[in-house]
>>> print(open('data30.csv').read())   # CSV, N, CA and C atoms
chain,number,residue,atom,x,y,z
R,79,MET,N,-2.9,15.7,-7.2
R,79,MET,CA,-3.2,14.3,-6.7
R,79,MET,C,-4.7,14.3,-6.6
R,80,THR,N,-5.4,13.3,-7.2
R,80,THR,CA,-6.8,13.2,-7.2
R,80,THR,C,-7.2,11.9,-6.5
R,81,VAL,N,-8.1,12.1,-5.5
R,81,VAL,CA,-8.6,10.9,-4.8
R,81,VAL,C,-10.1,11.0,-4.9
R,82,HIS,N,-10.7,9.8,-5.2
R,82,HIS,CA,-12.2,9.8,-5.3
R,82,HIS,C,-12.8,10.5,-4.1
R,83,ASP,N,-13.7,11.4,-4.4
R,83,ASP,CA,-14.3,12.3,-3.4
R,83,ASP,C,-14.9,11.5,-2.2
R,84,ALA,N,-15.6,10.5,-2.5
R,84,ALA,CA,-16.3,9.7,-1.4
R,84,ALA,C,-15.2,9.0,-0.6
R,85,ALA,N,-14.2,8.5,-1.2
R,85,ALA,CA,-13.1,7.9,-0.4
R,85,ALA,C,-12.4,9.0,0.5
R,86,ALA,N,-12.1,10.1,-0.1
R,86,ALA,CA,-11.3,11.1,0.6
R,86,ALA,C,-12.1,11.6,1.8
R,87,ARG,N,-13.4,11.9,1.7
R,87,ARG,CA,-14.2,12.4,2.8
R,87,ARG,C,-14.4,11.3,3.8
R,88,GLY,N,-14.8,10.1,3.4
R,88,GLY,CA,-15.1,9.0,4.3
R,88,GLY,C,-13.8,8.6,5.1
R,89,PHE,N,-12.7,8.4,4.4
R,89,PHE,CA,-11.5,7.9,5.1
R,89,PHE,C,-10.9,9.0,6.0
R,90,GLU,N,-11.0,10.3,5.6
R,90,GLU,CA,-10.5,11.4,6.4
R,90,GLU,C,-11.3,11.4,7.7
R,91,ARG,N,-12.6,11.3,7.7
R,91,ARG,CA,-13.4,11.4,8.9
R,91,ARG,C,-13.4,10.1,9.7
R,92,GLY,N,-13.1,9.0,9.0
R,92,GLY,CA,-13.3,7.7,9.7
R,92,GLY,C,-12.1,6.8,9.9
R,93,ALA,N,-10.9,7.4,10.0
R,93,ALA,CA,-9.7,6.6,10.1
R,93,ALA,C,-9.7,5.8,11.3
R,94,GLY,N,-10.2,6.3,12.4
R,94,GLY,CA,-10.3,5.5,13.7
R,94,GLY,C,-11.3,4.3,13.5
R,95,ASP,N,-12.4,4.6,12.9
R,95,ASP,CA,-13.4,3.6,12.7
R,95,ASP,C,-12.8,2.5,11.8
R,96,TYR,N,-12.1,2.9,10.7
R,96,TYR,CA,-11.5,2.0,9.8
R,96,TYR,C,-10.5,1.1,10.5
R,97,GLU,N,-9.7,1.7,11.3
R,97,GLU,CA,-8.7,0.9,12.1
R,97,GLU,C,-9.4,-0.1,13.0
R,98,ALA,N,-10.5,0.3,13.7
R,98,ALA,CA,-11.2,-0.6,14.6
R,98,ALA,C,-12.0,-1.6,13.9
R,99,ALA,N,-12.6,-1.3,12.8
R,99,ALA,CA,-13.6,-2.3,12.2
R,99,ALA,C,-13.0,-3.1,11.1
R,100,ARG,N,-12.1,-2.6,10.3
R,100,ARG,CA,-11.5,-3.4,9.2
R,100,ARG,C,-10.7,-4.6,9.7
R,101,PRO,N,-11.1,-5.8,9.2
R,101,PRO,CA,-10.3,-6.9,9.6
R,101,PRO,C,-8.9,-6.9,9.1
R,102,GLY,N,-8.0,-7.6,9.8
R,102,GLY,CA,-6.6,-7.7,9.4
R,102,GLY,C,-6.5,-8.8,8.4
R,103,TYR,N,-5.3,-9.3,8.2
R,103,TYR,CA,-5.1,-10.3,7.2
R,103,TYR,C,-4.5,-11.6,7.8
R,104,PRO,N,-5.0,-12.8,7.4
R,104,PRO,CA,-4.5,-14.0,8.0
R,104,PRO,C,-3.0,-14.3,7.7
R,105,PRO,N,-2.4,-15.0,8.6
R,105,PRO,CA,-1.0,-15.3,8.4
R,105,PRO,C,-0.7,-16.0,7.1
R,106,ALA,N,-1.6,-16.8,6.6
R,106,ALA,CA,-1.4,-17.5,5.4
R,106,ALA,C,-1.3,-16.5,4.2
R,107,VAL,N,-2.0,-15.4,4.2
R,107,VAL,CA,-1.9,-14.4,3.2
R,107,VAL,C,-0.5,-13.8,3.2
R,108,VAL,N,-0.1,-13.4,4.4
R,108,VAL,CA,1.3,-12.8,4.5
R,108,VAL,C,2.3,-13.8,4.1
R,109,ASP,N,2.2,-15.1,4.5
R,109,ASP,CA,3.2,-16.1,4.0
R,109,ASP,C,3.2,-16.2,2.5
R,110,LEU,N,2.0,-16.1,1.9
R,110,LEU,CA,2.0,-16.2,0.4
R,110,LEU,C,2.7,-15.0,-0.2
R,111,LEU,N,2.4,-13.8,0.3
R,111,LEU,CA,3.1,-12.6,-0.2
R,111,LEU,C,4.6,-12.7,0.0
R,112,VAL,N,5.0,-13.1,1.1
R,112,VAL,CA,6.5,-13.3,1.4
R,112,VAL,C,7.1,-14.2,0.4
R,113,ASP,N,6.5,-15.3,0.1
R,113,ASP,CA,7.0,-16.3,-0.9
R,113,ASP,C,6.9,-15.7,-2.3
R,114,ALA,N,5.8,-15.3,-2.7
R,114,ALA,CA,5.5,-14.9,-4.1
R,114,ALA,C,6.4,-13.6,-4.5
R,115,LEU,N,6.5,-12.7,-3.5
R,115,LEU,CA,7.2,-11.5,-3.8
R,115,LEU,C,8.7,-11.5,-3.3
R,116,ASP,N,9.1,-12.6,-2.7
R,116,ASP,CA,10.5,-12.7,-2.1
R,116,ASP,C,10.8,-11.6,-1.2
R,117,LEU,N,9.9,-11.4,-0.2
R,117,LEU,CA,10.1,-10.3,0.8
R,117,LEU,C,11.1,-10.7,1.8
R,118,ARG,N,12.2,-10.0,1.9
R,118,ARG,CA,13.3,-10.3,2.8
R,118,ARG,C,14.2,-9.1,2.9
R,119,PRO,N,15.2,-9.1,3.9
R,119,PRO,CA,16.1,-8.0,3.9
R,119,PRO,C,16.8,-7.8,2.6
R,120,GLY,N,17.0,-6.5,2.2
R,120,GLY,CA,17.6,-6.2,0.9
R,120,GLY,C,16.6,-6.0,-0.2
R,121,ARG,N,15.3,-6.2,0.1
R,121,ARG,CA,14.3,-6.0,-0.9
R,121,ARG,C,13.4,-4.8,-0.4
R,122,ARG,N,12.9,-4.1,-1.4
R,122,ARG,CA,12.0,-2.9,-1.1
R,122,ARG,C,10.6,-3.2,-1.6
R,123,VAL,N,9.6,-3.0,-0.7
R,123,VAL,CA,8.2,-3.3,-1.0
R,123,VAL,C,7.4,-2.0,-0.8
R,124,LEU,N,6.5,-1.8,-1.8
R,124,LEU,CA,5.6,-0.6,-1.7
R,124,LEU,C,4.2,-1.2,-1.2
R,125,ASP,N,3.7,-0.6,-0.2
R,125,ASP,CA,2.3,-0.9,0.3
R,125,ASP,C,1.5,0.3,-0.2
R,126,LEU,N,0.8,0.1,-1.2
R,126,LEU,CA,0.1,1.2,-1.9
R,126,LEU,C,-1.4,1.4,-1.4
R,127,ALA,N,-1.7,2.6,-1.1
R,127,ALA,CA,-3.0,2.9,-0.5
R,127,ALA,C,-3.1,2.2,0.8
R,128,ALA,N,-2.0,2.4,1.6
R,128,ALA,CA,-1.8,1.5,2.8
R,128,ALA,C,-2.8,1.8,4.0
R,129,GLY,N,-3.6,2.8,3.9
R,129,GLY,CA,-4.6,3.1,4.9
R,129,GLY,C,-3.9,3.3,6.3
R,130,THR,N,-4.5,2.6,7.3
R,130,THR,CA,-3.9,2.7,8.6
R,130,THR,C,-2.8,1.7,8.9
R,131,GLY,N,-2.4,1.0,7.9
R,131,GLY,CA,-1.3,0.1,8.0
R,131,GLY,C,-1.6,-1.3,8.4
R,132,LYS,N,-2.9,-1.7,8.1
R,132,LYS,CA,-3.3,-3.1,8.5
R,132,LYS,C,-2.4,-4.2,7.9
R,133,LEU,N,-2.0,-4.0,6.6
R,133,LEU,CA,-1.1,-4.9,6.0
R,133,LEU,C,0.4,-4.5,6.2
R,134,THR,N,0.6,-3.2,6.3
R,134,THR,CA,2.0,-2.7,6.5
R,134,THR,C,2.7,-3.3,7.7
R,135,ARG,N,1.9,-3.4,8.8
R,135,ARG,CA,2.5,-3.9,10.0
R,135,ARG,C,2.8,-5.4,9.9
R,136,LEU,N,2.2,-6.1,9.0
R,136,LEU,CA,2.5,-7.5,8.8
R,136,LEU,C,3.7,-7.7,7.8
R,137,LEU,N,3.9,-6.7,7.0
R,137,LEU,CA,5.1,-6.8,6.0
R,137,LEU,C,6.4,-6.4,6.7
R,138,ALA,N,6.3,-5.5,7.7
R,138,ALA,CA,7.5,-5.0,8.4
R,138,ALA,C,8.4,-6.1,8.9
R,139,PRO,N,7.9,-7.1,9.6
R,139,PRO,CA,8.7,-8.2,10.1
R,139,PRO,C,9.4,-9.0,9.1
R,140,THR,N,9.1,-8.9,7.8
R,140,THR,CA,9.8,-9.7,6.8
R,140,THR,C,11.3,-9.2,6.7
R,141,GLY,N,11.6,-8.0,7.2
R,141,GLY,CA,12.9,-7.5,7.0
R,141,GLY,C,13.1,-6.7,5.7
R,142,ALA,N,12.1,-6.7,4.8
R,142,ALA,CA,12.1,-5.9,3.6
R,142,ALA,C,12.0,-4.4,4.0
R,143,ASP,N,12.5,-3.5,3.2
R,143,ASP,CA,12.4,-2.1,3.4
R,143,ASP,C,11.0,-1.8,2.9
R,144,VAL,N,10.0,-1.4,3.8
R,144,VAL,CA,8.7,-1.1,3.4
R,144,VAL,C,8.5,0.4,3.3
R,145,VAL,N,7.9,0.8,2.2
R,145,VAL,CA,7.5,2.2,2.0
R,145,VAL,C,5.9,2.1,1.8
R,146,ALA,N,5.2,2.9,2.6
R,146,ALA,CA,3.8,3.0,2.5
R,146,ALA,C,3.4,4.3,1.8
R,147,VAL,N,2.5,4.2,0.9
R,147,VAL,CA,2.0,5.4,0.2
R,147,VAL,C,0.5,5.4,0.4
R,148,GLU,N,0.0,6.6,0.9
R,148,GLU,CA,-1.4,6.7,1.3
R,148,GLU,C,-1.8,8.2,1.0
R,149,PRO,N,-2.9,8.4,0.3
R,149,PRO,CA,-3.3,9.8,0.0
R,149,PRO,C,-4.0,10.6,1.1
R,150,VAL,N,-4.7,9.9,2.0
R,150,VAL,CA,-5.5,10.6,3.0
R,150,VAL,C,-4.7,10.9,4.3
R,151,ASP,N,-4.7,12.2,4.7
R,151,ASP,CA,-3.9,12.6,5.8
R,151,ASP,C,-4.2,11.8,7.1
R,152,ALA,N,-5.5,11.7,7.5
R,152,ALA,CA,-5.8,11.0,8.7
R,152,ALA,C,-5.4,9.5,8.7
R,153,MET,N,-5.5,8.9,7.6
R,153,MET,CA,-5.1,7.5,7.4
R,153,MET,C,-3.5,7.4,7.6
R,154,ARG,N,-2.8,8.4,6.9
R,154,ARG,CA,-1.4,8.4,7.0
R,154,ARG,C,-0.9,8.6,8.5
R,155,ALA,N,-1.6,9.5,9.2
R,155,ALA,CA,-1.2,9.7,10.6
R,155,ALA,C,-1.5,8.5,11.4
R,156,ALA,N,-2.6,7.8,11.2
R,156,ALA,CA,-2.8,6.5,12.0
R,156,ALA,C,-1.8,5.5,11.6
R,157,LEU,N,-1.4,5.4,10.4
R,157,LEU,CA,-0.4,4.4,9.9
R,157,LEU,C,1.0,4.7,10.5
R,158,ALA,N,1.4,6.0,10.5
R,158,ALA,CA,2.7,6.3,11.1
R,158,ALA,C,2.7,6.0,12.6
R,159,GLU,N,1.6,6.2,13.3
R,159,GLU,CA,1.5,5.8,14.7
R,159,GLU,C,1.5,4.3,14.9
R,160,ALA,N,0.8,3.6,14.1
R,160,ALA,CA,0.7,2.1,14.2
R,160,ALA,C,2.0,1.4,13.8
R,161,VAL,N,2.8,1.9,12.9
R,161,VAL,CA,3.9,1.3,12.4
R,161,VAL,C,5.1,2.2,12.4
R,162,PRO,N,5.6,2.6,13.6
R,162,PRO,CA,6.8,3.5,13.6
R,162,PRO,C,8.0,3.0,12.9
R,163,GLY,N,8.7,3.9,12.3
R,163,GLY,CA,9.9,3.5,11.6
R,163,GLY,C,9.7,3.2,10.1
R,164,ILE,N,8.5,3.1,9.7
R,164,ILE,CA,8.2,2.8,8.2
R,164,ILE,C,8.2,4.1,7.5
R,165,GLU,N,8.7,4.2,6.3
R,165,GLU,CA,8.6,5.4,5.5
R,165,GLU,C,7.2,5.5,5.0
R,166,VAL,N,6.5,6.6,5.3
R,166,VAL,CA,5.1,6.9,5.0
R,166,VAL,C,5.1,8.1,4.1
R,167,LEU,N,4.6,8.0,2.9
R,167,LEU,CA,4.5,9.1,1.9
R,167,LEU,C,3.1,9.4,1.5
R,168,GLU,N,2.9,10.7,1.2
R,168,GLU,CA,1.6,11.1,0.6
R,168,GLU,C,1.7,10.8,-0.9
R,169,GLY,N,0.7,10.2,-1.4
R,169,GLY,CA,0.6,9.9,-2.9
R,169,GLY,C,-0.6,9.0,-3.3
R,170,THR,N,-0.7,8.9,-4.5
R,170,THR,CA,-1.8,8.0,-5.1
R,170,THR,C,-1.2,7.0,-6.0
R,171,ALA,N,-2.0,6.0,-6.4
R,171,ALA,CA,-1.6,5.0,-7.3
R,171,ALA,C,-1.2,5.6,-8.7
R,172,GLU,N,-1.9,6.7,-9.0
R,172,GLU,CA,-1.7,7.3,-10.3
R,172,GLU,C,-0.6,8.3,-10.3
R,173,ALA,N,0.0,8.7,-9.2
R,173,ALA,CA,1.1,9.6,-9.1
R,173,ALA,C,2.0,9.2,-7.9
R,174,LEU,N,2.8,8.2,-8.1
R,174,LEU,CA,3.6,7.7,-7.0
R,174,LEU,C,4.8,8.6,-6.7
R,175,PRO,N,5.1,8.9,-5.4
R,175,PRO,CA,6.2,9.8,-5.1
R,175,PRO,C,7.5,9.0,-5.0
R,176,LEU,N,7.8,8.2,-6.0
R,176,LEU,CA,9.0,7.3,-6.0
R,176,LEU,C,9.7,7.5,-7.3
R,177,TYR,N,11.0,7.3,-7.2
R,177,TYR,CA,11.8,7.3,-8.5
R,177,TYR,C,11.6,6.0,-9.3
R,178,ASP,N,11.9,6.1,-10.5
R,178,ASP,CA,11.8,4.9,-11.4
R,178,ASP,C,12.6,3.7,-10.9
R,179,GLU,N,12.0,2.6,-11.1
R,179,GLU,CA,12.7,1.3,-10.8
R,179,GLU,C,13.3,1.2,-9.4
R,180,THR,N,12.5,1.6,-8.4
R,180,THR,CA,13.1,1.7,-7.0
R,180,THR,C,12.4,0.7,-6.0
R,181,VAL,N,11.5,-0.1,-6.5
R,181,VAL,CA,10.9,-1.1,-5.6
R,181,VAL,C,10.9,-2.4,-6.3
R,182,ASP,N,11.1,-3.5,-5.4
R,182,ASP,CA,11.1,-4.8,-5.9
R,182,ASP,C,9.7,-5.4,-6.0
R,183,ALA,N,8.8,-5.0,-5.2
R,183,ALA,CA,7.5,-5.5,-5.2
R,183,ALA,C,6.5,-4.4,-4.7
R,184,ALA,N,5.2,-4.6,-5.1
R,184,ALA,CA,4.2,-3.7,-4.6
R,184,ALA,C,2.9,-4.5,-4.2
R,185,VAL,N,2.3,-4.1,-3.2
R,185,VAL,CA,1.0,-4.7,-2.8
R,185,VAL,C,0.0,-3.6,-2.7
R,186,ALA,N,-1.3,-3.9,-2.9
R,186,ALA,CA,-2.4,-3.1,-2.7
R,186,ALA,C,-3.5,-3.9,-2.1
R,187,ALA,N,-3.8,-3.6,-0.8
R,187,ALA,CA,-4.8,-4.4,-0.1
R,187,ALA,C,-6.1,-3.6,0.1
R,188,GLN,N,-7.2,-4.2,-0.4
R,188,GLN,CA,-8.5,-3.5,-0.2
R,188,GLN,C,-8.6,-2.2,-0.9
R,189,ALA,N,-7.8,-2.0,-2.0
R,189,ALA,CA,-7.8,-0.6,-2.5
R,189,ALA,C,-7.8,-0.5,-4.1
R,190,PHE,N,-7.5,-1.6,-4.8
R,190,PHE,CA,-7.3,-1.4,-6.2
R,190,PHE,C,-8.6,-0.9,-6.9
R,191,HIS,N,-9.8,-1.2,-6.4
R,191,HIS,CA,-11.0,-0.7,-7.0
R,191,HIS,C,-11.2,0.8,-7.0
R,192,TRP,N,-10.4,1.5,-6.2
R,192,TRP,CA,-10.4,3.0,-6.2
R,192,TRP,C,-9.5,3.6,-7.2
R,193,PHE,N,-8.6,2.8,-7.8
R,193,PHE,CA,-7.6,3.3,-8.7
R,193,PHE,C,-8.2,3.5,-10.1
R,194,ASP,N,-7.6,4.4,-10.9
R,194,ASP,CA,-7.7,4.5,-12.3
R,194,ASP,C,-6.8,3.4,-12.9
R,195,ALA,N,-7.3,2.2,-13.1
R,195,ALA,CA,-6.4,1.1,-13.3
R,195,ALA,C,-5.3,1.3,-14.4
R,196,PRO,N,-5.7,1.7,-15.6
R,196,PRO,CA,-4.6,1.9,-16.6
R,196,PRO,C,-3.5,2.8,-16.2
R,197,VAL,N,-3.9,4.0,-15.6
R,197,VAL,CA,-2.9,4.9,-15.1
R,197,VAL,C,-2.1,4.4,-14.0
R,198,ALA,N,-2.7,3.7,-13.0
R,198,ALA,CA,-2.0,3.2,-11.9
R,198,ALA,C,-1.1,2.1,-12.3
R,199,LEU,N,-1.5,1.2,-13.2
R,199,LEU,CA,-0.6,0.1,-13.6
R,199,LEU,C,0.6,0.7,-14.4
R,200,ALA,N,0.4,1.7,-15.1
R,200,ALA,CA,1.6,2.4,-15.8
R,200,ALA,C,2.5,3.0,-14.7
R,201,GLU,N,2.0,3.6,-13.7
R,201,GLU,CA,2.8,4.1,-12.6
R,201,GLU,C,3.6,3.0,-11.9
R,202,LEU,N,2.9,1.9,-11.6
R,202,LEU,CA,3.5,0.8,-10.9
R,202,LEU,C,4.6,0.2,-11.8
R,203,ALA,N,4.4,0.1,-13.1
R,203,ALA,CA,5.4,-0.4,-14.0
R,203,ALA,C,6.6,0.5,-14.0
R,204,ARG,N,6.4,1.8,-13.8
R,204,ARG,CA,7.5,2.8,-13.7
R,204,ARG,C,8.4,2.6,-12.5
R,205,VAL,N,7.7,2.4,-11.3
R,205,VAL,CA,8.5,2.3,-10.1
R,205,VAL,C,9.0,0.9,-9.8
R,206,LEU,N,8.4,-0.1,-10.4
R,206,LEU,CA,8.9,-1.5,-10.1
R,206,LEU,C,10.2,-1.7,-10.9
R,207,ARG,N,11.1,-2.5,-10.3
R,207,ARG,CA,12.3,-2.9,-11.0
R,207,ARG,C,11.9,-3.9,-12.1
R,208,PRO,N,12.7,-4.1,-13.1
R,208,PRO,CA,12.3,-5.0,-14.2
R,208,PRO,C,11.8,-6.4,-13.8
R,209,ASP,N,12.3,-6.9,-12.7
R,209,ASP,CA,11.8,-8.2,-12.3
R,209,ASP,C,10.8,-8.1,-11.2
R,210,GLY,N,10.2,-6.9,-11.0
R,210,GLY,CA,9.3,-6.7,-9.9
R,210,GLY,C,7.9,-7.3,-10.1
R,211,ALA,N,7.1,-7.3,-9.0
R,211,ALA,CA,5.8,-8.0,-9.1
R,211,ALA,C,4.8,-7.1,-8.3
R,212,LEU,N,3.6,-7.3,-8.6
R,212,LEU,CA,2.4,-6.6,-7.9
R,212,LEU,C,1.5,-7.7,-7.4
R,213,ALA,N,1.1,-7.5,-6.1
R,213,ALA,CA,0.1,-8.4,-5.6
R,213,ALA,C,-1.1,-7.6,-5.1
R,214,LEU,N,-2.3,-8.1,-5.5
R,214,LEU,CA,-3.6,-7.4,-5.0
R,214,LEU,C,-4.2,-8.3,-4.0
R,215,VAL,N,-4.7,-7.7,-2.9
R,215,VAL,CA,-5.3,-8.5,-1.8
R,215,VAL,C,-6.6,-7.9,-1.4
R,216,TRP,N,-7.6,-8.8,-1.2
R,216,TRP,CA,-8.9,-8.4,-0.6
R,216,TRP,C,-9.3,-9.5,0.4
R,217,ASN,N,-9.9,-9.0,1.5
R,217,ASN,CA,-10.6,-9.9,2.4
R,217,ASN,C,-12.0,-10.1,1.8
R,218,VAL,N,-12.5,-11.3,1.9
R,218,VAL,CA,-13.8,-11.7,1.4
R,218,VAL,C,-14.7,-12.2,2.5
>>> encode(input="data30.csv", output="structure tokens")
Amino acid sequence: MTVHDAAARGFERGAGDYEAARPGYPPAVVDLLVDALDLRPGRRVLDLAAGTGKLTRLLAPTGADVVAVEPVDAMRAALAEAVPGIEVLEGTAEALPLYDETVDAAVAAQAFHWFDAPVALAELARVLRPDGALALVWNV
């Protein structure tokens, strides 16, 4: 599993700073994701490069089964503490630790620019069910 060196070093040392300084997401964004991705009980959503769980904790109340994938140990630890009960896995966008066609939707917030886009999109296509969808989110 390869993570951009600058990202790996910075996020490993700065998980607490990231959690404290990174803004959350407005309710309107979450509402849009819920509607566009049909997030509800019985659906499974992947939060890719989930970081400390800034978006994960907003997806959990939808009732969807949320699985968070994050490559950096310190970020995963902060995420597991912030969002207890969510499945948290080590992995990258280019090597997802999920079986084929096992998620209904995927989101990546503040992260897609770190991915090897062609490889990550192929991996997402592998794990998404045939009618699945991907949403990319950034704060501006």
>>> closest_residue(input="data30.csv", among="R:Thr130, R:Ala146, R:His191, R:Ala152", to="Glu165 of chain R", atoms="all atoms listed in the file")
R:Ala146
>>> closest_residue(input="data30.csv", among="R:Asp182, R:Asp143, R:Asp194, R:Glu159", to="Ala211 of chain R", atoms="only N, CA and C atoms")
R:Asp182
>>> select_by_dssp(input="data30.csv", residues="chain R", states="strand (DSSP E)", output="MDAnalysis selection string")
chainID R and resid 122:126 143:147 165:167 181:187 206:215
>>> closest_residue(input="data30.csv", among="R:Gly169, R:Asn217, R:Val147, R:Arg204", to="Leu124 of chain R", atoms="all atoms listed in the file")
R:Val147
>>> closest_residue(input="data30.csv", among="R:Leu126, R:Val108, R:Asp178, R:Val185", to="Ala203 of chain R", atoms="all atoms listed in the file")
R:Asp178
>>> closest_residue(input="data30.csv", among="R:Phe190, R:Ala127, R:Asp151, R:Leu157", to="Thr170 of chain R", atoms="only N, CA and C atoms")
R:Ala127
>>> closest_residue(input="data30.csv", among="R:Arg135, R:Ala213, R:Gly129, R:Arg100", to="Val161 of chain R", atoms="all atoms listed in the file")
R:Arg135
>>> select_by_dssp(input="data30.csv", residues="segment 85-175 of chain R", states="helix (DSSP H, G or I)", output="ChimeraX atom specification")
/R:85-91,93-99,105-115,134-140,151-160
>>> residues_around(input="data30.csv", residues="Val123 of chain R", least_positions_apart="2", cutoff="6 Å", atoms="only C-alpha atoms", output="VMD selection string")
chain R and resid 144 181 to 184
>>> write_last_selection(input="data30.csv", atoms="N, CA and C atoms", output="PDB file, in the coordinates of the input")
ATOM      1  N   VAL R 144      10.000  -1.400   3.800  1.00  0.00           N
ATOM      2  CA  VAL R 144       8.700  -1.100   3.400  1.00  0.00           C
ATOM      3  C   VAL R 144       8.500   0.400   3.300  1.00  0.00           C
ATOM      4  N   VAL R 181      11.500  -0.100  -6.500  1.00  0.00           N
ATOM      5  CA  VAL R 181      10.900  -1.100  -5.600  1.00  0.00           C
ATOM      6  C   VAL R 181      10.900  -2.400  -6.300  1.00  0.00           C
ATOM      7  N   ASP R 182      11.100  -3.500  -5.400  1.00  0.00           N
ATOM      8  CA  ASP R 182      11.100  -4.800  -5.900  1.00  0.00           C
ATOM      9  C   ASP R 182       9.700  -5.400  -6.000  1.00  0.00           C
ATOM     10  N   ALA R 183       8.800  -5.000  -5.200  1.00  0.00           N
ATOM     11  CA  ALA R 183       7.500  -5.500  -5.200  1.00  0.00           C
ATOM     12  C   ALA R 183       6.500  -4.400  -4.700  1.00  0.00           C
ATOM     13  N   ALA R 184       5.200  -4.600  -5.100  1.00  0.00           N
ATOM     14  CA  ALA R 184       4.200  -3.700  -4.600  1.00  0.00           C
ATOM     15  C   ALA R 184       2.900  -4.500  -4.200  1.00  0.00           C
TER      16      ALA R 184
END
>>> atom_distance(input="data30.csv", atom1="atom N of Ala186 of chain R", atom2="atom N of Leu111 of chain R")
11.0 Å
>>> residues_near_point(input="data30.csv", point="(8.2, 5.8, -6.6)", cutoff="10 Å", atoms="only C-alpha atoms", output="ChimeraX atom specification")
/R:124,145,147,167,169,171,173-181,201-202,204-206
>>> write_last_selection(input="data30.csv", atoms="N, CA and C atoms", output="PDB file, keeping the file's coordinate frame")
ATOM      1  N   LEU R 124       6.500  -1.800  -1.800  1.00  0.00           N
ATOM      2  CA  LEU R 124       5.600  -0.600  -1.700  1.00  0.00           C
ATOM      3  C   LEU R 124       4.200  -1.200  -1.200  1.00  0.00           C
ATOM      4  N   VAL R 145       7.900   0.800   2.200  1.00  0.00           N
ATOM      5  CA  VAL R 145       7.500   2.200   2.000  1.00  0.00           C
ATOM      6  C   VAL R 145       5.900   2.100   1.800  1.00  0.00           C
ATOM      7  N   VAL R 147       2.500   4.200   0.900  1.00  0.00           N
ATOM      8  CA  VAL R 147       2.000   5.400   0.200  1.00  0.00           C
ATOM      9  C   VAL R 147       0.500   5.400   0.400  1.00  0.00           C
ATOM     10  N   LEU R 167       4.600   8.000   2.900  1.00  0.00           N
ATOM     11  CA  LEU R 167       4.500   9.100   1.900  1.00  0.00           C
ATOM     12  C   LEU R 167       3.100   9.400   1.500  1.00  0.00           C
ATOM     13  N   GLY R 169       0.700  10.200  -1.400  1.00  0.00           N
ATOM     14  CA  GLY R 169       0.600   9.900  -2.900  1.00  0.00           C
ATOM     15  C   GLY R 169      -0.600   9.000  -3.300  1.00  0.00           C
ATOM     16  N   ALA R 171      -2.000   6.000  -6.400  1.00  0.00           N
ATOM     17  CA  ALA R 171      -1.600   5.000  -7.300  1.00  0.00           C
ATOM     18  C   ALA R 171      -1.200   5.600  -8.700  1.00  0.00           C
ATOM     19  N   ALA R 173       0.000   8.700  -9.200  1.00  0.00           N
ATOM     20  CA  ALA R 173       1.100   9.600  -9.100  1.00  0.00           C
ATOM     21  C   ALA R 173       2.000   9.200  -7.900  1.00  0.00           C
ATOM     22  N   LEU R 174       2.800   8.200  -8.100  1.00  0.00           N
ATOM     23  CA  LEU R 174       3.600   7.700  -7.000  1.00  0.00           C
ATOM     24  C   LEU R 174       4.800   8.600  -6.700  1.00  0.00           C
ATOM     25  N   PRO R 175       5.100   8.900  -5.400  1.00  0.00           N
ATOM     26  CA  PRO R 175       6.200   9.800  -5.100  1.00  0.00           C
ATOM     27  C   PRO R 175       7.500   9.000  -5.000  1.00  0.00           C
ATOM     28  N   LEU R 176       7.800   8.200  -6.000  1.00  0.00           N
ATOM     29  CA  LEU R 176       9.000   7.300  -6.000  1.00  0.00           C
ATOM     30  C   LEU R 176       9.700   7.500  -7.300  1.00  0.00           C
ATOM     31  N   TYR R 177      11.000   7.300  -7.200  1.00  0.00           N
ATOM     32  CA  TYR R 177      11.800   7.300  -8.500  1.00  0.00           C
ATOM     33  C   TYR R 177      11.600   6.000  -9.300  1.00  0.00           C
ATOM     34  N   ASP R 178      11.900   6.100 -10.500  1.00  0.00           N
ATOM     35  CA  ASP R 178      11.800   4.900 -11.400  1.00  0.00           C
ATOM     36  C   ASP R 178      12.600   3.700 -10.900  1.00  0.00           C
ATOM     37  N   GLU R 179      12.000   2.600 -11.100  1.00  0.00           N
ATOM     38  CA  GLU R 179      12.700   1.300 -10.800  1.00  0.00           C
ATOM     39  C   GLU R 179      13.300   1.200  -9.400  1.00  0.00           C
ATOM     40  N   THR R 180      12.500   1.600  -8.400  1.00  0.00           N
ATOM     41  CA  THR R 180      13.100   1.700  -7.000  1.00  0.00           C
ATOM     42  C   THR R 180      12.400   0.700  -6.000  1.00  0.00           C
ATOM     43  N   VAL R 181      11.500  -0.100  -6.500  1.00  0.00           N
ATOM     44  CA  VAL R 181      10.900  -1.100  -5.600  1.00  0.00           C
ATOM     45  C   VAL R 181      10.900  -2.400  -6.300  1.00  0.00           C
ATOM     46  N   GLU R 201       2.000   3.600 -13.700  1.00  0.00           N
ATOM     47  CA  GLU R 201       2.800   4.100 -12.600  1.00  0.00           C
ATOM     48  C   GLU R 201       3.600   3.000 -11.900  1.00  0.00           C
ATOM     49  N   LEU R 202       2.900   1.900 -11.600  1.00  0.00           N
ATOM     50  CA  LEU R 202       3.500   0.800 -10.900  1.00  0.00           C
ATOM     51  C   LEU R 202       4.600   0.200 -11.800  1.00  0.00           C
ATOM     52  N   ARG R 204       6.400   1.800 -13.800  1.00  0.00           N
ATOM     53  CA  ARG R 204       7.500   2.800 -13.700  1.00  0.00           C
ATOM     54  C   ARG R 204       8.400   2.600 -12.500  1.00  0.00           C
ATOM     55  N   VAL R 205       7.700   2.400 -11.300  1.00  0.00           N
ATOM     56  CA  VAL R 205       8.500   2.300 -10.100  1.00  0.00           C
ATOM     57  C   VAL R 205       9.000   0.900  -9.800  1.00  0.00           C
ATOM     58  N   LEU R 206       8.400  -0.100 -10.400  1.00  0.00           N
ATOM     59  CA  LEU R 206       8.900  -1.500 -10.100  1.00  0.00           C
ATOM     60  C   LEU R 206      10.200  -1.700 -10.900  1.00  0.00           C
TER      61      LEU R 206
END
